[in-house]
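**Q** Pasting a structure below so you can have a look.
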Amino acid sequence: MKKKVLCLLLMMSLLPLLQRATAQKVKLTITNPSQNQRQEVVEASLQAICELLGADSLTPLKVKNAFGQEITYQKSYDGKLLLSVALQPESQVVYTITKGEPKAFTSYVFGRIYPNRLDDLTWENDRGIYRFYGPALQRTGERSFGTDVWVKNTPELVVEERYRQHMWGVHLRDSLKRAGKAEEANDIYINTSFHHDHGQGMDVYSVGPSLGCGAPALLKDGQLVFPYCFQDCKILDNGPLRFTAELTYGTTAAGTREHRLVCLDKGSNFNRMTVWYDGIKEPTALTTGVVLHSDDNMTLDRKYILYADPTDNPKVNQSQIYVETLFPQEVDETRVVEGKPSHAIGIIRQYRGEPYTYYFGSAWSDYDVRIMSQWRLLSEEKLQCIKTPLTVEITKNK
């Protein structure tokens, strides 16, 4: 009797181990077919993974590498499992996926609307920061249309603290001004404003009534037709690996209405932008590009526009902001449109309003891209990665 009890107790103690050993697992094999080192966020079908696991899209998952270490993942709004991977040239990496509560993840991207700063939509990753202007700014009458760039030289997420410090400083500066303390007010502003570098970057990119860095616009009679600020915004993904937002703009004088879907991944200097329009009744010209603040350090090609922006105060800042638009499918033409301000633009001539995808991005000479030739190389490599994607295979682990 004692032996039977001992055997039963032993079996009961081993049962959890046996259950874990026979738990369903999915093998995710990612292959780099190119001859270049790759670091990027990849997508796998969440539905296919869940079907093999006998789970649904809400089931928590654990993803482990070959050492058995848990790695960060994200479930995207459009049914993808996102992983941040690194692969050597012409190599493979294998991950194992099981059901289970994952560990806490560190987020590498973040964005939100800031109502206390006139409805800015500002988002960042470990490489850069971007901003679209919202309806509260439009109501003030200020003419700011394009994409803003804030430079940073840290992988940490800093936007929340920049806004907090800046808004506090503006409030205190104005109080000191009203009290007749102009010098103290100026000191406070210089030491708190996000327009000055406090050791991790700043906002020194001029936008105003322009495309800024990579905003879209229609071209009519040789003039850019801007949609002004966004009216509605829905954040679809917000980390830890990808930020995605969908925006709708107001109806222009030409009767068109613009929609944008913007996406930024961990580790990337490039946002993916898809734009489409309502109200286009006949073929027109779609453009995107960058605003120009000088005449040099620019490269125009049907596959990209590269530009070294001198910042809003070159004599003091002594750095460059590298900006660009990438056209994986190539545009019909690239050229400079003179004006106040001037632009370098890529043009799709016979556009009918359908979704069009391109990329825009930035880097800073005080951080990860030191010189223009490095920016050009990074852009060429990004285009090559788009044309030669990593491949993903999902199988049941036997």
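Chains: A, B, ... in order of the structure tokens. Residues: from 1 per chain. Ligands: from 1, in order shown.
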Determine which residues of range 177-300 of chain A receive a DSSP assignment of alpha helix (DSSP H), computed from the backbone, and state them as a PyMOL selection string.
**A** chain A and resi 177-178+182-192
**Q** Taking only range 34-114 of chain A into account, list the residues labelled strand (DSSP E) by DSSP (computed from the backbone), as a PyMOL selection string.
**A** chain A and resi 38-45+61-64+73-75+80-87+92-99+110-114
**Q** For a quick check of understanding, using only C-alpha atoms, which of A:Arg173, A:Arg272, A:Arg164, A:Arg242 has the smallest distance to Lys382 in chain A?
**A** A:Arg272
**Q** Hey, can you check how far CA of Asp197 in chain A sits from CA of Pro314 in chain A?
**A** 13.7 Å
**Q** Can you list, as a list in words, every protein, DNA or RNA residue that comes within 8 Å of Tyr277 in chain A when you count only C-alpha atoms, leaving out same-chain residues fewer than 5 positions away?
**A** Thr256, Arg257, Glu258, His259, Gly353, Glu354 and Pro355 of chain A
**Q** Pick from A:Gly68, A:Gly79, A:Gly146, A:Pro89: nearest to Gly212 in chain A, with only C-alpha atoms counted?
**A** A:Gly146
**Q** Restricting the calculation to only C-alpha atoms, which member of A:Pro283, A:Gly361, A:Pro209, A:Gly180 is positioned closest to Val151 in chain A?
**A**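 Nearest to Val151 in chain A: A:Gly361.
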**Q** Just checking: using only C-alpha atoms, which residue out of A:Gln318, A:Asn271, A:Thr325, A:Thr252 ends up closest to Glu124 in chain A?
**A**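 Using only C-alpha atoms, Glu124 in chain A sits closest to A:Asn271.
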**Q** Determine, counting only C-alpha atoms, which protein, DNA and RNA residues have an atom within 9 Å of an atom of Ser365 in chain A; residues of the same chain fewer than 5 positions away are not included. Present the result as a PyMOL selection string.
**A** chain A and resi 319-322+370-372
**Q** Could you save the residues just selected, with C-alpha atoms, as a PDB file, in the first residue's frame?
**A**
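So the final result, stored in result-v8.pdb, reads:
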ATOM      1  CA  SER A 319      25.247  70.235 -36.253  1.00  0.00           C
ATOM      2  CA  GLN A 320      23.188  68.798 -39.101  1.00  0.00           C
ATOM      3  CA  ILE A 321      19.836  67.020 -39.188  1.00  0.00           C
ATOM      4  CA  TYR A 322      19.793  64.422 -41.949  1.00  0.00           C
ATOM      5  CA  ARG A 370      27.879  61.567 -38.361  1.00  0.00           C
ATOM      6  CA  ILE A 371      28.197  62.632 -42.003  1.00  0.00           C
ATOM      7  CA  MET A 372      26.099  62.861 -45.171  1.00  0.00           C
TER       8      MET A 372
END
